[in-house]
Structures are given as structure tokens and as C-alpha cells.
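*Asks:* Handing over data.txt, compact mmCIF, N, CA and C atoms.
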```
# COMPACT_ATOMS: atom_id res chain seq x y z
N MET D 1316 26.24 96.87 179.43
CA MET D 1316 27.16 95.91 178.85
C MET D 1316 26.72 94.52 179.27
N PRO D 1317 26.59 93.57 178.33
CA PRO D 1317 26.16 92.22 178.69
C PRO D 1317 27.20 91.50 179.54
N ARG D 1318 26.70 90.63 180.40
CA ARG D 1318 27.56 89.85 181.27
C ARG D 1318 28.30 88.80 180.44
N ALA D 1319 29.57 88.60 180.75
CA ALA D 1319 30.36 87.58 180.05
C ALA D 1319 29.82 86.20 180.40
N ARG D 1320 29.79 85.32 179.44
CA ARG D 1320 29.31 83.95 179.64
C ARG D 1320 30.48 82.98 179.49
N CYS D 1321 30.46 81.92 180.27
CA CYS D 1321 31.51 80.92 180.13
C CYS D 1321 31.18 80.00 178.95
N ILE D 1322 32.11 79.18 178.58
CA ILE D 1322 31.92 78.30 177.43
C ILE D 1322 30.75 77.34 177.65
N HIS D 1323 30.49 76.93 178.89
CA HIS D 1323 29.37 76.05 179.18
C HIS D 1323 28.05 76.71 178.78
N ASP D 1324 27.91 77.99 179.05
CA ASP D 1324 26.69 78.71 178.71
C ASP D 1324 26.50 78.77 177.19
N ARG D 1325 27.57 79.00 176.48
CA ARG D 1325 27.48 79.12 175.03
C ARG D 1325 27.11 77.81 174.36
N HIS D 1326 27.47 76.70 174.98
CA HIS D 1326 27.20 75.40 174.38
C HIS D 1326 25.96 74.74 174.97
N GLY D 1327 25.28 75.41 175.87
CA GLY D 1327 24.06 74.86 176.45
C GLY D 1327 24.29 73.67 177.36
N ALA D 1328 25.47 73.54 177.92
CA ALA D 1328 25.76 72.44 178.83
C ALA D 1328 24.84 72.51 180.04
N PRO D 1329 24.37 71.36 180.52
CA PRO D 1329 23.47 71.38 181.66
C PRO D 1329 24.19 71.71 182.97
N TYR D 1330 23.45 72.31 183.85
CA TYR D 1330 23.91 72.63 185.20
C TYR D 1330 23.08 71.83 186.18
N ARG D 1331 23.53 71.80 187.42
CA ARG D 1331 22.73 71.22 188.49
C ARG D 1331 22.71 72.16 189.67
N VAL D 1332 21.65 72.07 190.45
CA VAL D 1332 21.54 72.85 191.67
C VAL D 1332 22.27 72.07 192.77
N VAL D 1333 23.14 72.76 193.49
CA VAL D 1333 23.92 72.12 194.55
C VAL D 1333 23.69 72.86 195.87
N LEU D 1334 23.95 72.13 196.95
CA LEU D 1334 23.69 72.62 198.30
C LEU D 1334 24.86 72.24 199.17
N ASN D 1335 25.27 73.14 200.08
CA ASN D 1335 26.36 72.80 201.00
C ASN D 1335 25.80 72.54 202.39
N ASP D 1336 26.68 72.23 203.33
CA ASP D 1336 26.25 71.89 204.69
C ASP D 1336 25.64 73.07 205.44
N GLU D 1337 25.86 74.28 204.95
CA GLU D 1337 25.26 75.47 205.56
C GLU D 1337 23.92 75.81 204.89
N GLU D 1338 23.44 74.89 204.05
CA GLU D 1338 22.18 75.05 203.31
C GLU D 1338 22.20 76.29 202.42
N GLN D 1339 23.34 76.51 201.79
CA GLN D 1339 23.51 77.57 200.80
C GLN D 1339 23.50 76.91 199.42
N TYR D 1340 22.81 77.51 198.48
CA TYR D 1340 22.65 76.95 197.14
C TYR D 1340 23.56 77.61 196.14
N SER D 1341 23.86 76.86 195.09
CA SER D 1341 24.63 77.39 193.97
C SER D 1341 24.32 76.51 192.77
N ILE D 1342 24.97 76.82 191.65
CA ILE D 1342 24.87 75.94 190.49
C ILE D 1342 26.26 75.42 190.17
N TRP D 1343 26.29 74.25 189.52
CA TRP D 1343 27.55 73.61 189.15
C TRP D 1343 27.31 72.87 187.84
N TRP D 1344 28.34 72.70 187.05
CA TRP D 1344 28.20 72.01 185.79
C TRP D 1344 27.83 70.55 186.04
N ALA D 1345 26.83 70.06 185.35
CA ALA D 1345 26.32 68.70 185.57
C ALA D 1345 27.34 67.63 185.17
N ASP D 1346 28.26 67.96 184.28
CA ASP D 1346 29.23 66.97 183.83
C ASP D 1346 30.53 66.97 184.62
N ARG D 1347 30.57 67.71 185.72
CA ARG D 1347 31.79 67.77 186.52
C ARG D 1347 31.52 67.25 187.92
N ALA D 1348 32.57 66.70 188.53
CA ALA D 1348 32.47 66.25 189.92
C ALA D 1348 32.20 67.45 190.82
N LEU D 1349 31.41 67.23 191.85
CA LEU D 1349 31.09 68.31 192.77
C LEU D 1349 32.29 68.64 193.65
N PRO D 1350 32.45 69.90 194.00
CA PRO D 1350 33.54 70.27 194.90
C PRO D 1350 33.24 69.74 196.31
N ALA D 1351 34.28 69.59 197.10
CA ALA D 1351 34.13 69.11 198.48
C ALA D 1351 33.14 69.98 199.24
N GLY D 1352 32.29 69.35 200.01
CA GLY D 1352 31.33 70.07 200.84
C GLY D 1352 30.02 70.39 200.15
N TRP D 1353 29.86 70.02 198.92
CA TRP D 1353 28.63 70.28 198.17
C TRP D 1353 28.01 68.97 197.71
N HIS D 1354 26.67 68.93 197.64
CA HIS D 1354 25.98 67.77 197.09
C HIS D 1354 24.83 68.24 196.20
N ALA D 1355 24.43 67.36 195.30
CA ALA D 1355 23.37 67.70 194.36
C ALA D 1355 22.05 67.83 195.10
N GLU D 1356 21.30 68.88 194.81
CA GLU D 1356 20.00 69.13 195.44
C GLU D 1356 18.90 68.38 194.69
N GLY D 1357 19.12 68.10 193.43
CA GLY D 1357 18.12 67.38 192.66
C GLY D 1357 17.73 68.07 191.38
N GLY D 1358 17.84 69.38 191.33
CA GLY D 1358 17.47 70.10 190.12
C GLY D 1358 18.59 70.10 189.11
N GLU D 1359 18.25 69.95 187.84
CA GLU D 1359 19.23 70.01 186.76
C GLU D 1359 18.57 70.60 185.53
N GLY D 1360 19.31 71.39 184.77
CA GLY D 1360 18.78 72.00 183.56
C GLY D 1360 19.71 73.07 183.05
N THR D 1361 19.14 74.04 182.36
CA THR D 1361 19.95 75.15 181.87
C THR D 1361 20.36 76.02 183.06
N ARG D 1362 21.29 76.90 182.81
CA ARG D 1362 21.73 77.83 183.86
C ARG D 1362 20.54 78.62 184.39
N GLU D 1363 19.73 79.14 183.49
CA GLU D 1363 18.58 79.95 183.88
C GLU D 1363 17.56 79.13 184.67
N GLU D 1364 17.32 77.89 184.26
CA GLU D 1364 16.38 77.02 185.00
C GLU D 1364 16.88 76.73 186.40
N CYS D 1365 18.17 76.48 186.53
CA CYS D 1365 18.73 76.20 187.86
C CYS D 1365 18.68 77.44 188.76
N LEU D 1366 19.00 78.60 188.20
CA LEU D 1366 18.92 79.82 188.99
C LEU D 1366 17.48 80.12 189.40
N ALA D 1367 16.52 79.84 188.53
CA ALA D 1367 15.11 80.02 188.87
C ALA D 1367 14.71 79.07 190.00
N ARG D 1368 15.19 77.83 189.95
CA ARG D 1368 14.90 76.86 191.00
C ARG D 1368 15.44 77.35 192.34
N ILE D 1369 16.66 77.86 192.34
CA ILE D 1369 17.26 78.39 193.57
C ILE D 1369 16.43 79.55 194.10
N ALA D 1370 16.02 80.46 193.23
CA ALA D 1370 15.21 81.61 193.65
C ALA D 1370 13.90 81.16 194.28
N GLU D 1371 13.37 80.04 193.81
CA GLU D 1371 12.11 79.51 194.33
C GLU D 1371 12.28 78.86 195.70
N ILE D 1372 13.37 78.13 195.92
CA ILE D 1372 13.50 77.35 197.15
C ILE D 1372 14.37 77.99 198.23
N TRP D 1373 15.27 78.90 197.87
CA TRP D 1373 16.18 79.48 198.86
C TRP D 1373 15.63 80.83 199.30
N THR D 1374 14.73 80.77 200.24
CA THR D 1374 14.06 82.00 200.68
C THR D 1374 14.72 82.65 201.89
N ASP D 1375 15.48 81.90 202.65
CA ASP D 1375 16.19 82.45 203.80
C ASP D 1375 17.68 82.31 203.52
N LEU D 1376 18.32 83.41 203.20
CA LEU D 1376 19.71 83.37 202.76
C LEU D 1376 20.72 83.23 203.89
N ARG D 1377 20.25 83.24 205.12
CA ARG D 1377 21.19 83.09 206.24
C ARG D 1377 21.74 81.67 206.28
N PRO D 1378 23.05 81.51 206.55
CA PRO D 1378 23.61 80.16 206.69
C PRO D 1378 22.94 79.42 207.85
N LEU D 1379 22.91 78.10 207.76
CA LEU D 1379 22.28 77.27 208.79
C LEU D 1379 22.84 77.55 210.18
N SER D 1380 24.15 77.69 210.30
CA SER D 1380 24.75 77.93 211.62
C SER D 1380 24.25 79.25 212.22
N LEU D 1381 24.07 80.27 211.41
CA LEU D 1381 23.55 81.54 211.91
C LEU D 1381 22.10 81.40 212.34
N ARG D 1382 21.28 80.71 211.54
CA ARG D 1382 19.88 80.51 211.92
C ARG D 1382 19.77 79.76 213.24
N ARG D 1383 20.59 78.74 213.42
CA ARG D 1383 20.59 77.98 214.69
C ARG D 1383 21.00 78.86 215.86
N ARG D 1384 22.03 79.66 215.66
CA ARG D 1384 22.51 80.55 216.73
C ARG D 1384 21.44 81.57 217.09
N MET D 1385 20.78 82.12 216.09
CA MET D 1385 19.73 83.11 216.36
C MET D 1385 18.54 82.47 217.06
N ASP D 1386 18.18 81.23 216.67
CA ASP D 1386 17.09 80.52 217.34
C ASP D 1386 17.45 80.23 218.79
N ALA D 1387 18.69 79.86 219.06
CA ALA D 1387 19.14 79.57 220.44
C ALA D 1387 19.11 80.84 221.29
N THR D 1388 19.51 81.94 220.69
CA THR D 1388 19.51 83.21 221.42
C THR D 1388 18.08 83.66 221.73
N ALA D 1389 17.18 83.41 220.82
CA ALA D 1389 15.77 83.81 221.02
C ALA D 1389 15.07 82.95 222.04
N ALA D 1390 15.54 81.74 222.24
CA ALA D 1390 14.87 80.80 223.17
C ALA D 1390 15.17 81.06 224.60
```
As C-alpha cells - that is how I would like this structure written.
*Replies:*
Amino acid sequence: MPRARCIHDRHGAPYRVVLNDEEQYSIWWADRALPAGWHAEGGEGTREECLARIAEIWTDLRPLSLRRRMDATAA
């Protein structure tokens, strides 16, 4: 069964790649204000282009706080 698409997808509205303080990525509609705690990463395009960008740059899915804690424990 195909995945349901929102109206933005059907109209080809642009998305942007966003990043939070824990260095976690997501996509957000380019024509909307960003939610608190998120900022634009720089990439913008179709939903598929933004998801491809995230797949390319987000190689370590652990939140920043966890990576720091693990590095401190290892040291």
C-alpha cells in the first residue's frame, strides 16, 4: 500500500533540511517558520532531495549528548 502524502508533497512545495541542538536532522516545509529548537542546515529542495541530503550527511544517528557522554566514558 503506498504511503499517504501530505498536501505539500502533492503540490511540489519545497522543503528544507533542518538540524536541532542534538545534531539530529529532519525536513520542514520551506515556506513555514521553523519550530523552536531547530535551524536550517542549508539544503532545500523536494522532499526526496532533502531526505537524500540527510542520508548523505547524517551518518551517526546518536544524539550529540550521547556521543559526548560515550566519549567521556571512554576517556
*Asks:* Return the single residue from D:Trp1353, D:Ile1342, D:Leu1366, D:Glu1337 that is closest to Leu1379 (chain D), with distances computed using only N, CA and C atoms.
*Replies:*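 Smallest separation from Leu1379 (chain D) among the options: D:Glu1337.
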*Asks:* So the first atom is atom C of Arg1377 (chain D) and the second is atom C of Asn1335 (chain D); what is the distance between them in Å, to one decimal place?
*Replies:*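 So the two atoms, atom C of Arg1377 (chain D) and atom C of Asn1335 (chain D), lie 10.7 Å apart.
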*Asks:* From the options D:Ala1390, D:Leu1334, D:Ala1355, D:Met1385, which residue's atoms come nearest to Trp1373 (chain D), counting only C-alpha atoms?
*Replies:*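 Ranked by minimum distance to Trp1373 (chain D), first place goes to D:Leu1334.
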*Asks:* Please extract the residues of chain D with a backbone DSSP assignment of alpha helix (DSSP H) and present them as number ranges by chain.
*Replies:* D: 1322-1325, 1362-1372, 1379-1389
*Asks:* Near Trp1343 (chain D), within 6.5 Å and counting only N, CA and C atoms, which residues show up once chain neighbours fewer than 6 positions away are dropped, as a list in words?
*Replies:*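 Within the cut-off, the hits are Pro1329, Tyr1330, Arg1331, Val1332 and Val1333 of chain D.
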*Asks:* Check the smallest atom-to-atom distance from each of D:Glu1338, D:Trp1344, D:Gly1327, D:Arg1362 to Ser1380 (chain D) using all atoms listed in the file, then report the winner.
*Replies:*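 Of D:Glu1338, D:Trp1344, D:Gly1327, D:Arg1362, the one nearest Ser1380 (chain D), counting all atoms listed in the file, is D:Glu1338.
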*Asks:* Just give me the gap between CA of Thr1361 (chain D) and atom C of Ser1341 (chain D) in Å, one decimal is fine.
*Replies:*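 According to the coordinates, CA of Thr1361 (chain D) and atom C of Ser1341 (chain D) are separated by 11.8 Å.
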*Asks:* Atom C of Ile1369 (chain D) to atom C of Arg1383 (chain D): how many Å, to one decimal?
*Replies:*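 We find that atom C of Ile1369 (chain D) and atom C of Arg1383 (chain D) lie 22.2 Å from each other.
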*Asks:* Taking all listed atoms of region 1350-1363 of chain D, build the axis-aligned box, pad each of the six sides by 5 Å, then write its centre and edge lengths in Å to one decimal as JSON.
*Replies:*
```
{"center_x": 25.9, "center_y": 73.7, "center_z": 191.4, "size_x": 26.8, "size_y": 22.6, "size_z": 29.0}
```
